[in-house]
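Asks: First the structure, then my questions, so here it is.
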Amino acid sequence: MSDTDPFWKSKRLDEMDEAEWESLCDGCGQCCLFKLEDADTGEYALTDIACRYLDHDTCRCTDYANRRRNVPDCVKVEPGNIAALRWMPATCAYRLLAEGKELFDWHPLVSGDPESVHAAGASVRGKAVNEDIVDDLEDHVVEQLNRNMRDGMPPLGGPARPPKRD
Ligand code: SF4
Ligand code: SF4
């Protein structure tokens, strides 16, 4: 670490201010996909169904300020809970930093371009359906996404996981 390191390298998650924290979100939209959880085993399956509040082009929430009121089980990611959110995608910036890894070079903070997350194939743009047009959630469990999750690869087929920090 040096004096010129950007905040995500020089600060712990719990040291970041709100603007820094929010800017860590790469806008992939993957955490807004529905997951089905097996009540007996605790295992979960990822679907390609997105929350009705997700904008499928920007992959951002259309009512972020009110997300918890609109969707009571929308999880607020915080320094204290990120480690326990095991369904978060391997590419999620919060998860990567919590695990001591680097951000991908397509992360908008690194690339300087909010489109780079989409160009890299790491977002749900063009890959998800709105919950309002879905009848049966189980029909939308996407095997490839789940294979990728089990293999520790980015769920949506993005680049391989980065190396650990020095
Ligand atoms: S998975 Fe992480 S980086 Fe992607 S939208 Fe959700 S919080 Fe942001
Ligand atoms: S309310 Fe917004 S942030 Fe929460 S799951 Fe839906 S689209 Fe995502």
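We label chains A, B, ... in the order they appear in the structure tokens, count residues from 1 in each chain, and number ligands from 1 in the order shown.
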Quick check for you: according to DSSP on this backbone, which residues of chain A are classed as helix (DSSP H, G or I)? Reply as a CSV table (one decimal) with C-alpha atoms, in the first residue's frame.
Replies:
chain,number,residue,atom,x,y,z
A,7,PHE,CA,-9.4,4.3,-1.4
A,8,TRP,CA,-10.4,0.7,-2.1
A,9,LYS,CA,-6.8,-0.4,-1.6
A,10,SER,CA,-5.9,1.9,1.2
A,13,LEU,CA,-14.4,-1.6,4.1
A,14,ASP,CA,-15.5,-0.3,7.5
A,15,GLU,CA,-13.3,2.8,7.0
A,18,GLU,CA,-20.8,6.5,2.2
A,19,ALA,CA,-19.8,7.8,-1.3
A,20,GLU,CA,-16.8,5.4,-1.4
A,21,TRP,CA,-18.9,2.5,-0.3
A,22,GLU,CA,-21.6,3.1,-2.8
A,23,SER,CA,-19.1,3.6,-5.7
A,30,GLN,CA,-26.4,-10.0,-10.2
A,31,CYS,CA,-27.5,-9.7,-6.6
A,32,CYS,CA,-30.9,-8.7,-7.8
A,64,TYR,CA,-32.6,2.6,-4.9
A,65,ALA,CA,-33.5,5.1,-2.1
A,66,ASN,CA,-36.7,3.2,-1.3
A,67,ARG,CA,-35.5,-0.3,-2.1
A,68,ARG,CA,-36.0,-1.7,1.4
A,69,ARG,CA,-39.6,-0.3,1.5
A,70,ASN,CA,-40.4,-1.6,-1.9
A,82,ILE,CA,-20.8,-9.2,3.4
A,83,ALA,CA,-18.9,-12.2,4.6
A,84,ALA,CA,-22.1,-14.0,5.5
A,93,ALA,CA,-16.6,-5.9,-5.5
A,94,TYR,CA,-17.7,-6.0,-1.8
A,95,ARG,CA,-17.1,-9.7,-1.7
A,96,LEU,CA,-13.7,-9.4,-3.5
A,97,LEU,CA,-12.4,-6.8,-1.1
A,98,ALA,CA,-13.8,-8.7,1.9
A,108,PRO,CA,-15.8,1.1,-13.3
A,109,LEU,CA,-13.6,2.4,-10.6
A,110,VAL,CA,-10.6,0.8,-12.3
A,111,SER,CA,-11.6,1.3,-15.9
A,116,SER,CA,-17.0,-1.8,-18.9
A,117,VAL,CA,-18.9,-4.1,-16.5
A,118,HIS,CA,-21.4,-4.8,-19.3
A,119,ALA,CA,-18.7,-5.2,-22.0
A,131,GLU,CA,-40.2,-11.3,-12.2
A,132,ASP,CA,-43.6,-9.9,-13.4
A,133,ILE,CA,-43.6,-12.1,-16.5
A,137,LEU,CA,-39.6,-19.7,-10.5
A,138,GLU,CA,-38.2,-23.3,-10.8
A,139,ASP,CA,-38.4,-23.1,-14.6
A,140,HIS,CA,-35.8,-20.4,-14.4
A,143,GLU,CA,-27.9,-24.7,-14.6
A,144,GLN,CA,-24.8,-23.0,-16.2
A,145,LEU,CA,-25.0,-20.2,-13.7
A,146,ASN,CA,-25.1,-22.7,-10.9
A,147,ARG,CA,-22.3,-24.8,-12.3
A,148,ASN,CA,-20.2,-21.7,-12.5
A,149,MET,CA,-21.1,-20.8,-8.9
A,150,ARG,CA,-20.0,-24.2,-7.7
Asks: Using only C-alpha atoms and all ligand atoms, which protein or nucleic acid residues are at most 8 Å from ligand 1, as a list in words?
Replies: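 If we count only C-alpha atoms and all ligand atoms, the neighbours of ligand 1 turn out to be Leu24, Cys25, Asp26, Gly27, Cys28, Gly29, Gln30, Cys31, Cys32, Cys59, Arg60, Val77, Met88, Pro89, Thr91, Cys92, Ala93, Tyr94, Arg95 and Ser123 of chain A.
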Asks: Determine the nearest neighbour of ligand 2 from the options A:Glu37, A:Asp55, A:Asp48, A:Glu43, counting only C-alpha atoms and all ligand atoms.
Replies: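 Checking each candidate against ligand 2, we get A:Asp55 as the closest.
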Asks: Counting only C-alpha atoms and all ligand atoms, figure out which residue out of A:Arg12, A:Lys101, A:Lys127, A:Lys35 gets nearest to ligand 2.
Replies: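 Using only C-alpha atoms and all ligand atoms, the shortest distance to ligand 2 belongs to A:Lys35.
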Asks: Figure out the distance between atom CA of Leu33 of chain A and atom CA of Lys76 of chain A, please, to one decimal in Å.
Replies: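 Pair atom CA of Lys76 of chain A / atom CA of Leu33 of chain A returns 14.7 Å.
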Asks: Looking at only C-alpha atoms and all ligand atoms, which of A:Arg86, A:Ile49, A:Val134, A:Asn81 is the one that sits closest to ligand 2?
Replies: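 Smallest distance to ligand 2 is found for A:Ile49.
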Asks: Could you pull out the residues in segment 13-137 of chain A that DSSP calls strand (DSSP E) from the backbone, as a tab-separated table (two decimals) with C-alpha atoms, in the first residue's frame?
Replies:
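In the end it all went to selection_7.tsv:
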chain	number	residue	atom	x	y	z
A	33	LEU	CA	-31.53	-12.11	-9.32
A	34	PHE	CA	-33.86	-14.45	-7.44
A	35	LYS	CA	-32.36	-17.31	-5.53
A	36	LEU	CA	-34.28	-20.41	-4.45
A	37	GLU	CA	-33.21	-21.87	-1.12
A	44	TYR	CA	-29.57	-22.35	-3.03
A	45	ALA	CA	-30.12	-22.20	-6.76
A	46	LEU	CA	-29.66	-19.12	-8.87
A	47	THR	CA	-32.29	-18.11	-11.41
A	48	ASP	CA	-32.25	-15.63	-14.27
A	49	ILE	CA	-35.27	-13.81	-12.80
A	50	ALA	CA	-34.62	-10.24	-11.77
A	129	VAL	CA	-36.17	-11.65	-17.18
A	130	ASN	CA	-38.47	-9.49	-15.08
Asks: Quick one: distance from atom CA of Gly126 of chain A to atom CA of Thr58 of chain A in Å, one decimal?
Replies: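 Taking atom CA of Gly126 of chain A as the start and atom CA of Thr58 of chain A as the end point, the length is 10.5 Å.
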Asks: With only C-alpha atoms and all ligand atoms as the basis for distance, which of A:Val71, A:Leu103, A:Met16, A:Val124 is at the shortest distance from ligand 2?
Replies: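 With only C-alpha atoms and all ligand atoms as the atom set, the closest residue is A:Val71.
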